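For reference, the structure is listed below as structure tokens.
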Amino acid sequence: MKNSGGISREMIRMYSDYLLFEKRVSLKTKDAYSHEASILLSYADDKGIDIFKIGFDDLVSFLEERQKEASLDERTLNKILSALRSFFSYLVKNGDREDNPALLLKRPMSHEYLPKTLSEEDVDELLSSFINEEDDLMIRDYALFELIYSSGMRISEAVSLKLTQYSNEKSSINVIGKRNKERIVFIGSIANNAISYYLENVRPRLACRKARQSDALFLGRTGSPLTRQAVHKRFHQKIEELGMDATVHTLRHSFATHMLANGADIRSLKEMLGHSDISTTQIYTHLDTSSLLSAFDEFSSIPSSHGRNKSDE
């Protein structure tokens, strides 16, 4: 039985609502998973396959066709598998199927992904470049990026902050993370002072540019809440000026790596970053080990000035 277009669209709408309101995934994840489910439904329509009866072999053929058309890398294939497992899990929960055939699909053996980071010296240079007491937007940017680096906050979390979530006295922020999970993050004195200065000297001037004032912590040039797009644009402009290779998210990765390098334990870091699974946080332990090995290799290749060689060890 073919799946009619009307049924397919309604199914995707209901699945999207399920992801958003029951699973409480991010909008980005909801859109990605719904998109993959739509592609699968179109494939089933083209092949004359009933989505409620589609089996393991059909899914393998589906993935092979996707791979042939787009030359998907391992990380993308892993994301597709996660979306398929979620979609069929929804169908089982909804009583439309008794099994989840996507659970039988094996994930490709992926090469370990190590996030890009900046050295502490590069972070200092980058953040210092935003210090400009004559430019309101630069003062705001400095406060924002100091906050992200000091707390490891996601950019989406930072631009969503309300005034009431920040406590100057406690040097803390109540963050609403993924799936509406709340956590308290503490920030260093530099970031706290930068935010306080921005709130006292800059935000009032930005806020008065809008008739209906916003309760957002960070405001744009017109007084409206600052957007992620604007933040990325401002950051990229500065990165280009400095000749560095980084994104805003690099500050979060750098925070995590520098915390571990300075003695933070992995479980505390997990809570700071708002990770639900400690395995996600553990990638930074591999990154730290990788940098140590790199430093060792560089050091060990330098000839000894005292005539000592490896045979002496």
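A note on labels: chains of the structure tokens are A, B, ... as shown, every chain counts residues from 1, and ligands are counted from 1 in their shown order.
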Could you make a table, as CSV, of the residues of stretch 126-240 of chain A that have an atom within 9 Å of an atom of stretch 9-30 of chain A, each with its nearest atom pair and distance in Å to one decimal, counting only C-alpha atoms, in chain and number order?
residue,atom,partner,partner_atom,distance
A:Lys178,CA,A:Ser26,CA,6.2
A:Arg179,CA,A:Arg24,CA,4.6
A:Asn180,CA,A:Arg24,CA,7.2
Just want the 10 Å neighbourhood of A:Asp58, counted on only C-alpha atoms, with same-chain residues fewer than 3 positions away dropped. Output as a ChimeraX atom specification.
/A:43-44,47,49,53-55,61-64,101
Can you write just those residues out, all heavy atoms, as a short mmCIF file (atom, residue, chain, number, x, y, z; two decimals), in the first residue's frame?
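And here is the file that came out, out_5.cif:
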data_model
loop_
_atom_site.label_atom_id
_atom_site.label_comp_id
_atom_site.auth_asym_id
_atom_site.auth_seq_id
_atom_site.Cartn_x
_atom_site.Cartn_y
_atom_site.Cartn_z
N TYR A 43 10.68 8.13 -0.36
CA TYR A 43 11.30 6.92 -0.91
C TYR A 43 10.30 5.76 -0.90
O TYR A 43 10.17 5.04 -1.89
CB TYR A 43 12.53 6.57 -0.07
CG TYR A 43 13.16 5.24 -0.43
CD1 TYR A 43 14.07 5.14 -1.47
CD2 TYR A 43 12.85 4.08 0.30
CE1 TYR A 43 14.66 3.92 -1.79
CE2 TYR A 43 13.44 2.86 -0.01
CZ TYR A 43 14.34 2.79 -1.07
OH TYR A 43 14.91 1.57 -1.39
N ALA A 44 9.58 5.59 0.22
CA ALA A 44 8.59 4.52 0.32
C ALA A 44 7.48 4.71 -0.71
O ALA A 44 7.02 3.73 -1.33
CB ALA A 44 8.02 4.47 1.74
N LYS A 47 8.73 3.68 -4.14
CA LYS A 47 8.94 2.23 -4.26
C LYS A 47 7.65 1.43 -4.03
O LYS A 47 7.66 0.21 -4.18
CB LYS A 47 10.02 1.77 -3.27
CG LYS A 47 11.36 2.44 -3.43
CD LYS A 47 12.00 2.12 -4.77
CE LYS A 47 13.39 2.75 -4.88
NZ LYS A 47 14.02 2.47 -6.18
N ILE A 49 6.11 1.10 -1.11
CA ILE A 49 6.26 0.36 0.15
C ILE A 49 5.41 1.01 1.23
O ILE A 49 5.40 2.24 1.39
CB ILE A 49 7.74 0.35 0.60
CG1 ILE A 49 8.63 -0.24 -0.49
CG2 ILE A 49 7.90 -0.43 1.90
CD1 ILE A 49 10.12 -0.08 -0.21
N LYS A 53 5.08 -1.24 7.11
CA LYS A 53 5.58 -2.60 6.92
C LYS A 53 7.01 -2.62 6.39
O LYS A 53 7.56 -3.69 6.13
CB LYS A 53 4.67 -3.35 5.93
CG LYS A 53 3.25 -3.53 6.44
CD LYS A 53 2.38 -4.26 5.41
CE LYS A 53 0.95 -4.42 5.91
NZ LYS A 53 0.08 -5.08 4.91
N ILE A 54 7.60 -1.46 6.23
CA ILE A 54 8.96 -1.39 5.70
C ILE A 54 9.91 -2.14 6.62
O ILE A 54 9.77 -2.10 7.85
CB ILE A 54 9.40 0.09 5.55
CG1 ILE A 54 10.64 0.20 4.66
CG2 ILE A 54 9.64 0.75 6.89
CD1 ILE A 54 10.97 1.63 4.26
N GLY A 55 10.83 -2.91 6.02
CA GLY A 55 11.71 -3.77 6.81
C GLY A 55 13.17 -3.38 6.74
O GLY A 55 13.55 -2.38 6.11
N SER A 61 18.52 -0.63 1.54
CA SER A 61 18.45 -0.12 0.16
C SER A 61 18.27 1.40 0.15
O SER A 61 18.85 2.10 -0.68
CB SER A 61 17.28 -0.78 -0.58
OG SER A 61 17.46 -2.19 -0.66
N PHE A 62 17.47 1.88 1.07
CA PHE A 62 17.25 3.33 1.19
C PHE A 62 18.55 4.06 1.48
O PHE A 62 18.88 5.07 0.83
CB PHE A 62 16.23 3.60 2.29
CG PHE A 62 16.14 5.02 2.75
CD1 PHE A 62 15.60 6.00 1.92
CD2 PHE A 62 16.60 5.39 4.01
CE1 PHE A 62 15.53 7.34 2.35
CE2 PHE A 62 16.53 6.70 4.44
CZ PHE A 62 16.00 7.68 3.60
N LEU A 63 19.32 3.54 2.43
CA LEU A 63 20.59 4.17 2.80
C LEU A 63 21.61 4.07 1.67
O LEU A 63 22.38 5.00 1.44
CB LEU A 63 21.14 3.55 4.07
CG LEU A 63 20.36 3.86 5.36
CD1 LEU A 63 20.91 3.04 6.52
CD2 LEU A 63 20.45 5.35 5.69
N GLU A 64 21.62 2.94 0.98
CA GLU A 64 22.54 2.77 -0.15
C GLU A 64 22.23 3.78 -1.25
O GLU A 64 23.14 4.34 -1.87
CB GLU A 64 22.45 1.34 -0.70
CG GLU A 64 23.09 0.31 0.22
CD GLU A 64 22.90 -1.11 -0.30
OE1 GLU A 64 22.07 -1.31 -1.23
OE2 GLU A 64 23.58 -2.02 0.21
N PRO A 101 12.69 -1.37 12.92
CA PRO A 101 13.70 -2.00 12.07
C PRO A 101 15.01 -1.24 12.01
O PRO A 101 16.06 -1.81 11.69
CB PRO A 101 13.02 -2.04 10.69
CG PRO A 101 12.04 -0.91 10.72
CD PRO A 101 11.54 -0.87 12.14
#
For A:Ala216, which residue out of A:Ala158, A:Ile184, A:Leu269, A:Ala246 is the nearest one, using only C-alpha atoms?
A:Ala158
Would you list the contacts of stretch 138-148 of chain A as a VMD selection string, taking every protein, DNA or RNA residue within 9 Å and counting only C-alpha atoms, but skipping same-chain residues closer than 6 positions in sequence?
chain A and resid 127 to 132 154 to 155 158 to 159 187 to 188 190 to 199 202 to 203 218 to 220 231 234 to 235 248 to 249 251 to 252 255
Would you kindly return, as a list in words, each protein, DNA or RNA residue with an atom no farther than 8 Å from any atom of A:Gly177, considering only C-alpha atoms and excluding same-chain residues fewer than 6 positions away?
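These residues fall inside the cut-off: Glu157, Arg183 and Gly274 of chain A.
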For the selection just defined, write its residues with all heavy atoms to a file, as a PDB file, in the first residue's frame.
ATOM      1  N   GLU A 157      22.076  29.399  24.043  1.00  0.00           N
ATOM      2  CA  GLU A 157      21.735  29.650  25.443  1.00  0.00           C
ATOM      3  C   GLU A 157      22.038  31.089  25.825  1.00  0.00           C
ATOM      4  O   GLU A 157      21.261  31.726  26.548  1.00  0.00           O
ATOM      5  CB  GLU A 157      22.518  28.685  26.346  1.00  0.00           C
ATOM      6  CG  GLU A 157      22.144  27.228  26.144  1.00  0.00           C
ATOM      7  CD  GLU A 157      23.086  26.260  26.836  1.00  0.00           C
ATOM      8  OE1 GLU A 157      24.216  26.680  27.192  1.00  0.00           O
ATOM      9  OE2 GLU A 157      22.716  25.085  27.007  1.00  0.00           O
ATOM     10  N   ARG A 183      20.271  24.592  34.493  1.00  0.00           N
ATOM     11  CA  ARG A 183      21.503  24.403  35.249  1.00  0.00           C
ATOM     12  C   ARG A 183      22.031  25.772  35.676  1.00  0.00           C
ATOM     13  O   ARG A 183      21.733  26.783  35.045  1.00  0.00           O
ATOM     14  CB  ARG A 183      22.560  23.655  34.419  1.00  0.00           C
ATOM     15  CG  ARG A 183      23.167  24.449  33.276  1.00  0.00           C
ATOM     16  CD  ARG A 183      24.153  23.579  32.491  1.00  0.00           C
ATOM     17  NE  ARG A 183      24.948  24.323  31.523  1.00  0.00           N
ATOM     18  CZ  ARG A 183      24.542  24.654  30.307  1.00  0.00           C
ATOM     19  NH1 ARG A 183      23.318  24.301  29.890  1.00  0.00           N
ATOM     20  NH2 ARG A 183      25.336  25.318  29.481  1.00  0.00           N
ATOM     21  N   GLY A 274      26.335  21.185  30.472  1.00  0.00           N
ATOM     22  CA  GLY A 274      24.943  20.818  30.252  1.00  0.00           C
ATOM     23  C   GLY A 274      24.776  19.578  29.411  1.00  0.00           C
ATOM     24  O   GLY A 274      23.752  19.399  28.744  1.00  0.00           O
TER      25      GLY A 274
END
Identify, with DSSP run on backbone atoms, the residues in stretch 113-212 of chain A assigned to strand (DSSP E), and express the list as a PyMOL selection string.
chain A and resi 166-167+172-176+182-186
From a backbone DSSP assignment, name each residue in stretch 85-236 of chain A labelled alpha helix (DSSP H), as a VMD selection string.
chain A and resid 85 to 93 120 to 128 136 to 151 155 to 159 189 to 201 203 to 207 228 to 236
Atoms to include: C-alpha atoms. Write the selected residues as a PDB file, in the first residue's frame.
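Printed below is again34.pdb as written:
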ATOM      1  CA  ARG A  85      15.560   5.172  14.928  1.00  0.00           C
ATOM      2  CA  SER A  86      13.680   8.088  16.432  1.00  0.00           C
ATOM      3  CA  PHE A  87      11.000   8.025  13.730  1.00  0.00           C
ATOM      4  CA  PHE A  88      10.320   4.295  14.028  1.00  0.00           C
ATOM      5  CA  SER A  89      10.374   4.577  17.809  1.00  0.00           C
ATOM      6  CA  TYR A  90       7.599   7.150  17.427  1.00  0.00           C
ATOM      7  CA  LEU A  91       5.597   4.789  15.181  1.00  0.00           C
ATOM      8  CA  VAL A  92       5.947   1.994  17.755  1.00  0.00           C
ATOM      9  CA  LYS A  93       4.891   4.306  20.580  1.00  0.00           C
ATOM     10  CA  GLU A 120      44.736  30.248  26.140  1.00  0.00           C
ATOM     11  CA  GLU A 121      47.009  32.841  24.553  1.00  0.00           C
ATOM     12  CA  ASP A 122      44.866  32.985  21.403  1.00  0.00           C
ATOM     13  CA  VAL A 123      41.696  33.345  23.488  1.00  0.00           C
ATOM     14  CA  ASP A 124      43.285  36.242  25.397  1.00  0.00           C
ATOM     15  CA  GLU A 125      44.239  37.933  22.118  1.00  0.00           C
ATOM     16  CA  LEU A 126      40.793  37.383  20.642  1.00  0.00           C
ATOM     17  CA  LEU A 127      38.802  38.629  23.622  1.00  0.00           C
ATOM     18  CA  SER A 128      41.120  41.589  24.192  1.00  0.00           C
ATOM     19  CA  ASP A 136      28.660  50.220  22.490  1.00  0.00           C
ATOM     20  CA  LEU A 137      28.383  47.133  20.293  1.00  0.00           C
ATOM     21  CA  MET A 138      31.981  46.161  20.961  1.00  0.00           C
ATOM     22  CA  ILE A 139      31.366  46.485  24.709  1.00  0.00           C
ATOM     23  CA  ARG A 140      28.339  44.216  24.335  1.00  0.00           C
ATOM     24  CA  ASP A 141      30.296  41.730  22.206  1.00  0.00           C
ATOM     25  CA  TYR A 142      33.122  41.651  24.725  1.00  0.00           C
ATOM     26  CA  ALA A 143      30.683  40.859  27.548  1.00  0.00           C
ATOM     27  CA  LEU A 144      28.967  38.153  25.487  1.00  0.00           C
ATOM     28  CA  PHE A 145      32.131  36.364  24.353  1.00  0.00           C
ATOM     29  CA  GLU A 146      33.736  36.604  27.790  1.00  0.00           C
ATOM     30  CA  LEU A 147      30.571  34.985  29.147  1.00  0.00           C
ATOM     31  CA  ILE A 148      30.644  32.131  26.625  1.00  0.00           C
ATOM     32  CA  TYR A 149      34.319  31.416  27.264  1.00  0.00           C
ATOM     33  CA  SER A 150      33.997  31.758  31.042  1.00  0.00           C
ATOM     34  CA  SER A 151      31.002  29.425  31.295  1.00  0.00           C
ATOM     35  CA  ILE A 155      25.536  30.512  21.772  1.00  0.00           C
ATOM     36  CA  SER A 156      21.824  29.655  21.640  1.00  0.00           C
ATOM     37  CA  GLU A 157      21.735  29.650  25.443  1.00  0.00           C
ATOM     38  CA  ALA A 158      23.582  32.961  25.683  1.00  0.00           C
ATOM     39  CA  VAL A 159      21.367  34.906  23.252  1.00  0.00           C
ATOM     40  CA  SER A 189      35.350  37.862  37.713  1.00  0.00           C
ATOM     41  CA  ILE A 190      36.454  39.144  34.298  1.00  0.00           C
ATOM     42  CA  ALA A 191      33.246  37.994  32.621  1.00  0.00           C
ATOM     43  CA  ASN A 192      31.142  39.165  35.557  1.00  0.00           C
ATOM     44  CA  ASN A 193      32.700  42.633  35.455  1.00  0.00           C
ATOM     45  CA  ALA A 194      32.264  42.810  31.671  1.00  0.00           C
ATOM     46  CA  ILE A 195      28.562  41.968  31.909  1.00  0.00           C
ATOM     47  CA  SER A 196      28.035  44.426  34.771  1.00  0.00           C
ATOM     48  CA  TYR A 197      29.708  47.209  32.801  1.00  0.00           C
ATOM     49  CA  TYR A 198      27.596  46.416  29.729  1.00  0.00           C
ATOM     50  CA  LEU A 199      24.372  46.387  31.776  1.00  0.00           C
ATOM     51  CA  GLU A 200      25.153  49.673  33.467  1.00  0.00           C
ATOM     52  CA  ASN A 201      26.595  51.639  30.566  1.00  0.00           C
ATOM     53  CA  ARG A 203      22.240  48.151  27.530  1.00  0.00           C
ATOM     54  CA  PRO A 204      20.114  51.146  28.663  1.00  0.00           C
ATOM     55  CA  ARG A 205      21.124  53.047  25.530  1.00  0.00           C
ATOM     56  CA  LEU A 206      20.279  50.092  23.291  1.00  0.00           C
ATOM     57  CA  ALA A 207      17.001  49.417  25.089  1.00  0.00           C
ATOM     58  CA  ARG A 228      22.584  34.127  16.708  1.00  0.00           C
ATOM     59  CA  GLN A 229      23.094  35.273  13.122  1.00  0.00           C
ATOM     60  CA  ALA A 230      24.250  38.716  14.262  1.00  0.00           C
ATOM     61  CA  VAL A 231      26.611  37.166  16.824  1.00  0.00           C
ATOM     62  CA  HIS A 232      28.176  34.838  14.244  1.00  0.00           C
ATOM     63  CA  LYS A 233      28.648  37.753  11.840  1.00  0.00           C
ATOM     64  CA  ARG A 234      30.339  39.975  14.434  1.00  0.00           C
ATOM     65  CA  PHE A 235      32.594  37.131  15.594  1.00  0.00           C
ATOM     66  CA  HIS A 236      33.577  36.144  12.063  1.00  0.00           C
TER      67      HIS A 236
END
Have a look at atom CA of A:Glu240 and atom CA of A:Glu134 and let me know their distance in Å, one decimal.
21.5 Å
If you count only C-alpha atoms, which residues fall within 10 Å of A:Ser279, apart from same-chain ones fewer than 4 positions away, as a count of residues only?
5
Which residues are close to A:Leu273, i.e. within 8 Å by only C-alpha atoms, leaving aside same-chain residues fewer than 5 positions away? Reply as a list of chain:residue names.
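Listed by chain and then number, they are A:Ser151, A:Gly152, A:Met153, A:Ala256.
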Just the selected residues (C-alpha atoms), exported as a CSV table (one decimal), in the first residue's frame, please.
chain,number,residue,atom,x,y,z
A,151,SER,CA,31.0,29.4,31.3
A,152,GLY,CA,31.2,27.1,28.3
A,153,MET,CA,27.7,28.2,27.4
A,256,ALA,CA,36.2,22.7,28.2
